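A.B. asks: Take a look at start-v8.txt, compact mmCIF, C-alpha atoms:
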# COMPACT_ATOMS: atom_id res chain seq x y z
CA MET A 1 166.99 52.62 17.41
CA THR A 2 167.60 52.23 21.13
CA LYS A 3 169.97 54.28 23.28
CA GLU A 4 171.47 53.05 26.54
CA LYS A 5 173.70 55.37 28.55
CA PHE A 6 176.86 53.70 29.82
CA GLY A 7 175.45 50.41 28.63
CA LYS A 8 178.78 48.70 27.87
CA GLU A 9 182.48 49.31 28.10
CA CYS A 10 184.55 50.27 25.09
CA LYS A 11 186.42 47.33 23.56
CA ILE A 12 189.55 49.48 23.18
CA CYS A 13 189.86 51.70 26.26
CA ALA A 14 187.51 49.65 28.51
CA ARG A 15 185.60 52.77 29.64
CA PRO A 16 181.78 52.78 29.74
CA PHE A 17 180.05 54.63 26.93
CA THR A 18 176.60 55.19 25.47
CA VAL A 19 175.51 52.27 23.28
CA PHE A 20 173.22 52.71 20.26
CA ARG A 21 171.46 49.68 18.79
CA TRP A 22 169.39 49.60 15.57
CA CYS A 23 168.29 47.44 12.65
CA PRO A 24 169.54 48.72 9.26
CA GLY A 25 166.82 47.05 7.20
CA VAL A 26 164.42 44.18 6.66
CA ARG A 27 165.86 40.72 7.38
CA MET A 28 169.15 42.23 8.59
CA ARG A 29 170.82 41.76 11.91
CA PHE A 30 170.78 44.36 14.65
CA LYS A 31 173.95 46.42 14.92
CA LYS A 32 175.40 48.40 17.80
CA THR A 33 178.32 50.66 18.56
CA GLU A 34 181.45 48.80 19.65
CA VAL A 35 183.87 51.58 20.68
CA CYS A 36 183.40 54.93 22.34
CA GLN A 37 183.40 58.29 20.58
CA THR A 38 186.85 59.21 21.84
CA CYS A 39 188.49 56.10 20.40
CA SER A 40 186.64 56.51 17.11
CA LYS A 41 187.65 60.19 16.79
CA MET A 42 191.29 59.42 17.53
CA LYS A 43 191.37 57.09 14.52
CA ASN A 44 188.62 58.82 12.46
CA VAL A 45 186.72 55.54 12.12
CA CYS A 46 183.16 54.32 12.50
CA GLN A 47 182.10 53.23 16.00
CA THR A 48 180.52 50.05 14.60
CA CYS A 49 182.54 48.73 11.63
CA LEU A 50 185.87 50.45 12.48
CA LEU A 51 186.42 51.52 8.87
CA ASP A 52 187.84 54.89 7.93
CA LEU A 53 185.14 57.54 7.54
CA GLU A 54 186.72 59.17 4.48
CA TYR A 55 187.77 56.18 2.37
CA GLY A 56 185.78 53.29 3.85
CA LEU A 57 188.98 51.22 4.24
CA PRO A 58 190.53 49.36 7.19
CA ILE A 59 192.85 51.33 9.46
CA GLN A 60 195.93 49.35 8.42
CA VAL A 61 195.37 50.18 4.74
CA ARG A 62 194.70 53.85 5.53
CA ASP A 63 197.85 54.20 7.66
CA THR A 64 199.95 52.43 5.02
CA GLY A 65 198.71 54.71 2.27
CA LEU A 66 199.29 57.87 4.30
CA SER A 67 202.55 56.64 5.90
CA VAL A 68 201.15 57.18 9.38
CA LYS A 69 202.63 55.26 12.34
CA ASP A 70 200.36 54.13 15.14
CA GLU A 71 201.36 55.70 18.48
CA VAL A 72 198.46 54.58 20.64
CA PRO A 73 199.86 52.93 23.81
CA ARG A 74 198.76 49.44 24.77
CA SER A 75 199.22 49.41 28.57
CA ASP A 76 196.33 50.52 30.76
CA VAL A 77 198.07 53.44 32.51
CA ASN A 78 199.63 54.92 29.37
CA LYS A 79 196.42 54.35 27.45
CA GLU A 80 194.39 56.32 30.01
CA TYR A 81 196.86 59.21 29.97
CA TYR A 82 196.99 59.27 26.18
CA THR A 83 193.19 59.19 25.94
CA GLN A 84 192.81 62.17 28.30
CA ASN A 85 195.24 64.22 26.23
CA MET A 86 193.43 63.32 23.02
CA GLU A 87 190.08 64.28 24.56
CA ARG A 88 191.50 67.69 25.37
CA GLU A 89 192.78 68.11 21.83
CA ILE A 90 189.43 67.00 20.37
CA ALA A 91 187.59 69.53 22.53
CA ASN A 92 189.83 72.36 21.27
CA SER A 93 189.40 71.42 17.60
CA ASP A 94 186.47 72.27 15.34
CA GLY A 95 185.68 68.60 14.70
CA THR A 96 186.04 68.81 10.93
CA ARG A 97 189.51 67.24 10.74
CA PRO A 98 191.07 64.29 12.57
CA VAL A 99 193.47 64.88 15.42
CA GLY A 100 196.89 63.50 16.29
CA GLN A 101 199.25 62.11 13.67
CA LEU A 102 196.36 61.48 11.30
CA GLY A 103 195.52 65.18 11.19
CA LYS A 104 199.11 66.03 10.16
CA ALA A 105 199.15 63.49 7.33
CA PRO A 106 198.64 64.54 3.67
CA SER A 107 195.09 64.99 2.52
CA SER A 108 194.95 61.96 0.22
CA GLY A 109 197.02 59.21 -1.32
CA ASP A 110 196.97 57.64 -4.75
CA MET A 111 196.53 54.13 -3.41
CA LEU A 112 193.69 55.15 -1.11
CA LEU A 113 191.78 56.83 -3.93
CA LYS A 114 192.14 53.70 -6.03
CA LEU A 115 190.91 51.39 -3.27
CA ALA A 116 188.25 53.68 -1.82
CA ARG A 117 184.73 52.28 -1.79
CA THR A 118 182.19 54.68 -3.32
CA THR A 119 179.03 52.54 -3.03
CA PRO A 120 177.37 51.12 0.11
CA TYR A 121 178.35 47.60 1.09
CA TYR A 122 175.18 46.02 2.43
CA LYS A 123 176.59 42.52 2.87
CA ARG A 124 178.06 43.50 6.22
CA ASN A 125 174.51 43.97 7.51
CA ARG A 126 173.42 40.41 6.77
CA PRO A 127 172.49 38.22 9.74
CA HIS A 128 174.84 35.59 11.06
CA ILE A 129 174.70 31.95 9.97
CA CYS A 130 172.29 29.76 11.94
CA SER A 131 174.34 27.21 13.85
CA PHE A 132 171.28 25.00 14.37
CA TRP A 133 170.68 24.85 10.60
CA VAL A 134 174.31 23.79 10.06
CA LYS A 135 173.75 20.89 12.47
CA GLY A 136 170.36 20.13 10.88
CA GLU A 137 168.35 20.99 13.99
CA CYS A 138 166.74 24.35 13.07
CA LYS A 139 162.92 24.09 13.27
CA ARG A 140 162.01 27.74 12.57
CA GLY A 141 162.09 27.49 8.79
CA GLU A 142 161.51 30.82 7.04
CA GLU A 143 160.82 32.53 10.37
CA CYS A 144 164.43 32.02 11.47
CA PRO A 145 166.16 35.43 11.68
CA TYR A 146 169.56 33.89 10.86
CA ARG A 147 170.97 32.81 7.52
CA HIS A 148 170.55 29.23 6.37
CA GLU A 149 173.82 28.98 4.45
CA LYS A 150 176.90 26.84 4.57
CA PRO A 151 179.68 28.55 6.57
CA THR A 152 182.98 29.48 4.97
CA ASP A 153 186.16 27.52 5.34
CA PRO A 154 187.33 27.78 8.98
CA ASP A 155 190.92 27.96 7.71
CA ASP A 156 190.12 31.12 5.76
CA PRO A 157 192.02 34.02 7.37
CA LEU A 158 189.05 36.33 6.79
CA ALA A 159 186.98 34.20 9.15
CA ASP A 160 189.20 35.11 12.14
CA GLN A 161 189.29 38.86 12.82
CA ASN A 162 190.16 40.54 16.10
CA ILE A 163 188.67 43.98 16.79
CA LYS A 164 191.78 45.20 18.64
CA ASP A 165 194.07 44.15 15.80
CA ARG A 166 191.82 45.99 13.38
CA TYR A 167 191.88 49.13 15.54
CA TYR A 168 195.66 49.18 15.99
CA GLY A 169 196.24 48.27 12.34
CA ILE A 170 198.15 45.02 12.78
CA ASN A 171 197.49 41.46 11.57
CA ASP A 172 194.30 42.46 9.76
CA PRO A 173 193.49 39.82 7.08
CA VAL A 174 191.12 42.16 5.24
CA ALA A 175 193.82 44.85 5.05
CA ASP A 176 196.38 42.32 3.78
CA LYS A 177 193.98 41.31 1.02
CA LEU A 178 193.44 44.93 -0.05
CA LEU A 179 197.15 45.71 -0.02
CA LYS A 180 197.86 42.75 -2.27
CA ARG A 181 195.16 43.96 -4.63
CA ALA A 182 196.72 47.42 -4.70
CA SER A 183 200.10 45.98 -5.71
CA THR A 184 198.57 44.23 -8.73
CA MET A 185 196.31 47.05 -9.95
CA PRO A 186 196.71 48.06 -13.62
CA ARG A 187 198.64 51.12 -14.69
CA LEU A 188 197.96 53.63 -17.43
CA ASP A 189 200.86 53.62 -19.90
CA VAL A 190 201.65 56.81 -21.77
CA PRO A 191 201.32 56.35 -25.57
CA GLU A 192 204.41 56.85 -27.72
CA ASP A 193 202.57 59.05 -30.20
CA LYS A 194 203.21 62.60 -28.96
CA SER A 195 200.31 63.96 -31.01
CA ILE A 196 197.75 62.31 -28.70
CA THR A 197 196.39 64.89 -26.26
CA THR A 198 192.91 63.41 -25.74
CA LEU A 199 191.65 61.45 -22.73
CA TYR A 200 188.72 59.03 -22.77
CA ILE A 201 186.37 59.25 -19.78
CA GLY A 202 183.98 56.29 -19.44
CA GLY A 203 181.10 55.42 -17.14
CA LEU A 204 179.62 58.91 -16.93
CA GLY A 205 176.03 57.87 -16.42
CA GLU A 206 173.25 60.37 -16.95
CA ASN A 207 174.08 62.96 -14.27
CA VAL A 208 177.67 64.00 -15.10
CA THR A 209 177.65 67.24 -17.10
CA ASP A 210 180.16 69.15 -19.20
CA SER A 211 180.73 71.75 -16.48
CA GLU A 212 181.57 69.11 -13.86
CA LEU A 213 184.20 67.55 -16.12
CA ARG A 214 185.63 70.98 -16.91
CA ASN A 215 185.77 71.93 -13.22
CA HIS A 216 187.89 68.87 -12.49
CA PHE A 217 190.25 68.85 -15.49
CA TYR A 218 190.89 72.58 -15.92
CA GLN A 219 193.42 72.47 -13.05
CA PHE A 220 195.81 70.35 -15.13
CA GLY A 221 196.04 72.69 -18.13
CA GLU A 222 194.18 74.42 -20.93
CA ILE A 223 191.30 72.38 -22.33
CA ARG A 224 190.65 72.64 -26.04
CA THR A 225 187.38 70.68 -26.38
CA ILE A 226 185.09 68.46 -24.31
CA THR A 227 182.84 66.10 -26.26
CA ILE A 228 180.20 64.07 -24.39
CA VAL A 229 178.67 61.04 -26.14
CA GLN A 230 175.52 60.56 -24.09
CA ARG A 231 174.49 57.43 -25.97
CA GLN A 232 177.62 55.56 -24.88
CA GLN A 233 177.97 57.45 -21.55
CA CYS A 234 181.51 58.58 -22.26
CA ALA A 235 183.41 61.79 -22.99
CA PHE A 236 186.56 62.88 -24.83
CA ILE A 237 188.64 65.69 -23.33
CA GLN A 238 191.30 67.23 -25.58
CA PHE A 239 194.03 69.32 -23.98
CA ALA A 240 196.05 72.02 -25.65
CA THR A 241 199.41 70.49 -24.67
CA ARG A 242 200.72 66.97 -24.18
CA GLN A 243 202.12 67.80 -20.73
CA ALA A 244 198.67 68.81 -19.47
CA ALA A 245 197.16 65.57 -20.80
CA GLU A 246 199.85 63.45 -19.10
CA THR A 247 199.33 65.26 -15.79
CA ALA A 248 195.57 64.81 -15.98
CA ALA A 249 195.91 61.11 -16.80
CA GLU A 250 198.35 60.54 -13.92
CA LYS A 251 196.24 62.40 -11.35
CA SER A 252 192.88 60.98 -12.47
CA PHE A 253 193.52 57.34 -13.41
CA ASN A 254 191.57 55.07 -11.06
CA LYS A 255 190.93 58.06 -8.76
CA LEU A 256 188.32 60.16 -10.54
CA ILE A 257 185.00 60.20 -8.65
CA ILE A 258 182.23 62.61 -9.70
CA ASN A 259 178.75 62.54 -8.15
CA GLY A 260 179.62 59.33 -6.33
CA ARG A 261 180.54 57.50 -9.57
CA ARG A 262 184.02 56.16 -10.24
CA LEU A 263 184.93 57.15 -13.80
CA ASN A 264 187.26 55.23 -16.10
CA VAL A 265 190.16 57.24 -17.56
CA LYS A 266 192.11 56.10 -20.62
CA TRP A 267 194.20 57.63 -23.37
CA GLY A 268 192.55 58.40 -26.70
CA ARG A 269 193.72 56.87 -29.97
CA SER A 270 195.38 58.62 -32.86
CA GLN A 271 193.95 58.70 -36.38
CA ALA A 272 196.78 56.47 -37.67
CA ALA A 273 195.93 53.79 -35.09
CA ARG A 274 192.29 53.90 -36.11
CA GLY A 275 193.24 53.43 -39.77
CA LYS A 276 195.36 50.38 -38.92
CA GLU A 277 192.53 48.85 -36.95
CA LYS A 278 190.21 49.28 -39.91
CA ASP A 279 192.72 47.38 -42.09
CA GLY A 280 192.67 44.44 -39.69
CA VAL A 281 195.56 45.50 -37.41
CA THR A 282 194.90 46.74 -33.87
CA GLU A 283 196.75 49.54 -32.11
CA SER A 284 199.08 47.05 -30.39
CA GLY A 285 200.09 45.50 -33.74
CA ILE A 286 197.95 42.36 -33.49
CA ARG A 287 196.49 41.27 -36.81
CA LEU A 288 192.87 40.20 -36.59
CA GLU A 289 191.85 36.94 -38.27
CA PRO A 290 189.14 37.18 -40.94
CA VAL A 291 185.70 35.93 -40.03
CA PRO A 292 184.99 32.58 -41.74
CA GLY A 293 182.03 32.38 -44.10
CA LEU A 294 182.15 35.95 -45.34
CA PRO A 295 182.77 36.63 -49.08
CA GLY A 296 186.05 38.07 -50.18
CA ALA A 297 186.64 41.57 -51.36
CA LEU A 298 185.31 42.53 -54.78
CA PRO A 299 187.85 43.14 -57.54
CA PRO A 300 188.76 46.76 -58.22
CA PRO A 301 186.99 48.51 -61.08
CA PRO A 302 188.65 48.06 -64.52
CA VAL A 303 190.90 50.77 -65.86
CA SER A 304 189.49 50.62 -69.41
CA ASP A 305 186.73 48.85 -71.32
CA GLU A 306 189.18 46.32 -72.73
CA ASP A 307 190.17 45.18 -69.25
CA ALA A 308 186.57 44.92 -68.09
CA SER A 309 185.65 41.64 -66.47
CA THR A 310 182.28 40.20 -65.59
CA ASN A 311 183.62 38.01 -62.76
CA TYR A 312 182.17 40.14 -59.94
CA PHE A 313 181.73 37.18 -57.53
CA ASN A 314 185.30 35.79 -57.65
CA LEU A 315 184.22 32.58 -59.39
CA ALA A 316 186.92 30.12 -60.41
CA PRO A 317 187.70 30.16 -64.18
CA THR A 318 186.36 27.18 -66.17
CA SER A 319 188.10 25.28 -69.00
CA SER A 320 185.50 26.13 -71.67
CA PRO A 321 183.82 29.49 -71.97
CA ALA A 322 180.11 29.69 -71.39
CA VAL A 323 178.02 29.38 -74.56
CA MET A 324 175.25 31.92 -74.92
CA ASN A 325 172.10 30.77 -76.76
CA LEU A 326 171.57 33.87 -78.86
CA GLY A 327 169.08 33.85 -81.76
CA LEU A 328 170.51 35.00 -85.12
CA PRO A 329 168.39 37.04 -87.55
CA PRO A 330 166.98 35.03 -90.54
CA PRO A 331 168.52 35.48 -94.02
CA PRO A 332 166.90 37.94 -96.41
CA GLY A 333 163.72 36.70 -98.07
CA VAL A 334 162.77 34.29 -95.27
CA ALA A 335 159.88 35.24 -92.98
CA MET A 336 160.70 35.30 -89.32
CA PRO A 337 158.50 32.98 -87.24
CA PRO A 338 156.25 34.74 -84.75
CA PRO A 339 157.03 34.60 -81.07
CA PRO A 340 155.38 31.88 -78.98
CA GLY A 341 151.75 32.65 -78.20
CA PHE A 342 151.28 35.10 -81.09
CA GLY A 343 151.09 32.73 -84.03
CA PRO A 344 148.08 30.73 -85.37
CA PRO A 345 146.75 27.95 -83.15
CA MET A 346 148.47 24.64 -83.53
CA PHE A 347 145.17 22.68 -83.27
CA HIS A 348 141.57 23.14 -84.38
CA THR A 349 138.48 22.25 -82.44
CA MET A 350 136.20 19.53 -83.78
CA ASP A 351 132.96 21.19 -82.59
CA PRO A 352 131.04 22.50 -85.70
CA MET A 353 128.93 24.83 -83.52
CA SER A 354 131.89 26.64 -82.06
CA PRO A 355 132.67 30.00 -83.59
CA SER A 356 135.50 30.09 -86.05
CA MET A 357 138.79 31.62 -85.02
CA PRO A 358 139.56 35.02 -86.48
CA PRO A 359 142.21 35.05 -89.19
CA PRO A 360 145.71 36.07 -88.21
CA MET A 361 146.62 39.72 -88.36
CA ALA A 362 148.91 39.16 -91.38
CA MET A 363 146.11 37.48 -93.47
CA ARG A 364 143.39 40.07 -92.83
CA PRO A 365 142.47 42.51 -95.66
CA PRO A 366 143.58 46.05 -95.10
CA GLY A 367 141.11 48.27 -93.31
CA GLN A 368 139.33 45.40 -91.51
CA VAL A 369 140.02 45.37 -87.81
CA HIS A 370 138.49 42.79 -85.50
CA TYR A 371 137.57 43.99 -82.01
CA PRO A 372 136.45 41.22 -79.63
CA SER A 373 134.18 43.66 -77.80
CA GLN A 374 132.12 44.16 -80.98
CA ASP A 375 131.44 40.45 -81.51
CA PRO A 376 127.61 40.01 -81.41
CA GLN A 377 127.84 36.62 -79.76
CA ARG A 378 130.07 37.92 -76.99
CA MET A 379 127.83 40.95 -76.44
CA GLY A 380 124.72 38.72 -75.96
CA ALA A 381 122.93 39.89 -79.15
CA HIS A 382 120.61 37.48 -81.15
CA ALA A 383 119.77 37.33 -84.84
CA SER A 384 116.07 38.20 -84.23
CA ARG A 385 116.99 41.44 -82.50
CA GLY A 386 118.29 44.33 -84.40
CA GLY A 387 120.94 46.70 -83.35
CA PRO A 388 120.21 49.95 -81.63
Can the structure from this file be put into structure tokens for me?
C.D. replies:
Amino acid sequence: MTKEKFGKECKICARPFTVFRWCPGVRMRFKKTEVCQTCSKMKNVCQTCLLDLEYGLPIQVRDTGLSVKDEVPRSDVNKEYYTQNMEREIANSDGTRPVGQLGKAPSSGDMLLKLARTTPYYKRNRPHICSFWVKGECKRGEECPYRHEKPTDPDDPLADQNIKDRYYGINDPVADKLLKRASTMPRLDVPEDKSITTLYIGGLGENVTDSELRNHFYQFGEIRTITIVQRQQCAFIQFATRQAAETAAEKSFNKLIINGRRLNVKWGRSQAARGKEKDGVTESGIRLEPVPGLPGALPPPPVSDEDASTNYFNLAPTSSPAVMNLGLPPPPGVAMPPPPGFGPPMFHTMDPMSPSMPPPMAMRPPGQVHYPSQDPQRMGAHASRGGP
């Protein structure tokens, strides 16, 4: 950062002032102060970007939200006299609050809290567009400190901004854009069900705690419970009365900022609305279409055994009932054939040296049991060798 005493004249009051010049970051353009400290304190704005120090909004939007009328004179003589009086008032103040009409305005406005920027806006620090690159004559390549991008439409009103119009809060295209956005911002409708006294708080992050939520919402009425769902980064705050819940929703919708995070405030849902949504009907009465390809619901269980049905997969009825191939028991006196694989072999080997097959279990004399492990040939015994 460089400091130059009385380096330039202020672009509002035309008096010389101390100029500071610095680079905010890598591959960003150098920035410098444009107005003096007196002019910036009269409007409570930044000396470089001329945005309000409390809300980060243009002066025209700030004055519209607070219903403040600009009384800064435009002629040179009146401007000098007005500036001297404001310097005297600034010297007598503690410097914590703005002076003039802005210091007498209310502390905050609903529209300003909705439009306030809570995160840094680094795009304003980008370098300007390289005019040589636009004409195709830039030979610096990557070493060029300016941006190699196509410029915006010259007819765009945002491309033509006057610093004096921005300071006096007139004909500011950025302010007009923000005011139009404020007129079309969503509203939080109060539910018809009077039993709902719960508010949904979304976007908590990992740093917002139960005590911080309680410190903000206790001013609107008695709090019954606060439930934080850390996995989904949300919370449910239940009030003891409906009036306290309505007041909290009105004062916090699109305005709640905790630890630099803008939190989302909505009304909770009743148990009846949740039951309708489970049945395929949303809270607003819209019926959801079934997902194609999924099977239908299973039939209810039968009341009695006579009404029992085996059609558990909703199959279409056929003309002829299915025929079951069930085996009937043989009549008395007739032997039942053995199951497959347990009867006598259906063929005999022609090799005379092969051992004979053991007789079936039904044809063996009683008391004689054949164990394959005791077969001498399978155990490797020979006729010349005796047993143990």
A.B. asks: Between atom CA of Pro145 of chain A and atom CA of Lys31 of chain A, measure the distance and give it in Å to one decimal.
C.D. replies: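 A separation of 13.9 Å between them.
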A.B. asks: Give me the residues within 8 Å of Thr227 of chain A as number ranges by chain, counting only C-alpha atoms and dropping any in the same chain fewer than 2 places off.
C.D. replies: A: 225, 229, 235-237
A.B. asks: Separation of atom CA of Asp210 of chain A and atom CA of Gln230 of chain A, in Å?
C.D. replies: 10.9 Å
A.B. asks: Could you give me, as a PyMOL selection string, the residues that have an atom at most 12 Å away from the point (196.4, 60.2, -12.8) in the coordinates of the file, using all atoms listed in the file?
C.D. replies: chain A and resi 109-111+113-114+187-190+199+217+220+244-256+263-267
A.B. asks: I need every residue sitting at most 12 Å from the point (197.8, 52.7, 25.9) (coordinates as in the file, all atoms listed in the file considered), written as a ChimeraX atom specification.
C.D. replies: /A:12-14,39,70-86,168
A.B. asks: I'd like to know which of A:Leu53, A:Val35, A:Ile201, A:Ala240 is closest to Tyr167 of chain A, using only C-alpha atoms.
C.D. replies: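 Nearest candidate to Tyr167 of chain A out of A:Leu53, A:Val35, A:Ile201, A:Ala240: A:Val35.
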A.B. asks: Counting all atoms listed in the file, which residue out of A:Tyr200, A:Tyr121, A:Phe239, A:Phe6 sits closest to Cys49 of chain A?
C.D. replies: A:Tyr121
A.B. asks: Give me the residues near Thr64 of chain A as a PyMOL selection string, where near means some atom within 12 Å (using all atoms listed in the file) and where sequence neighbours in that chain fewer than 2 positions away do not count.
C.D. replies: chain A and resi 57-62+66-70+102+105+108-112+169-170+175-176+178-179+182
A.B. asks: Work out how far apart atom CA of Asp165 of chain A and atom CA of Gln37 of chain A are and give it in Å to one decimal.
C.D. replies: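 Between atom CA of Asp165 of chain A and atom CA of Gln37 of chain A the gap works out to 18.3 Å.
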A.B. asks: Under the rule that all atoms listed in the file are counted, which of A:Arg140, A:His148, A:Lys43, A:Arg242 is the nearest residue to Gly103 of chain A?
C.D. replies: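 Ranking A:Arg140, A:His148, A:Lys43, A:Arg242 by distance to Gly103 of chain A, first place goes to A:Lys43.
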A.B. asks: With a distance cut-off of 8 Å and all atoms listed in the file, select the neighbouring residues of Val208 of chain A, excluding the residue or stretch itself and same-chain residues fewer than 3 positions from it, and output the selection as an mmCIF file with C-alpha atoms, keeping the file's coordinate frame.
C.D. replies:
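Final output, saved to around_20.cif:
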data_model
loop_
_atom_site.group_PDB
_atom_site.id
_atom_site.type_symbol
_atom_site.label_atom_id
_atom_site.label_comp_id
_atom_site.auth_asym_id
_atom_site.auth_seq_id
_atom_site.Cartn_x
_atom_site.Cartn_y
_atom_site.Cartn_z
ATOM 1 C CA LEU A 204 179.620 58.910 -16.930
ATOM 2 C CA GLY A 205 176.030 57.870 -16.420
ATOM 3 C CA GLU A 212 181.570 69.110 -13.860
ATOM 4 C CA LEU A 213 184.200 67.550 -16.120
ATOM 5 C CA ILE A 258 182.230 62.610 -9.700
ATOM 6 C CA ASN A 259 178.750 62.540 -8.150
#
A.B. asks: Of the candidates A:Lys104, A:Arg269, A:Thr197, A:Thr18, which shows the shortest atom-to-atom distance to Arg224 of chain A, using all atoms listed in the file?
C.D. replies: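 Checking each candidate against Arg224 of chain A, we get A:Thr197 as the closest.
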A.B. asks: Using all atoms listed in the file, which of the listed residues (A:Glu34, A:Lys5, A:Gly268, A:Lys11) sits closest to Pro191 of chain A?
C.D. replies: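 Of the candidates, the smallest distance to Pro191 of chain A is held by A:Gly268.
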A.B. asks: Pick out the closest residue to Thr198 of chain A from this set: A:Val19, A:Ile163, A:Val174, A:Ile226. Count all atoms listed in the file.
C.D. replies: A:Ile226
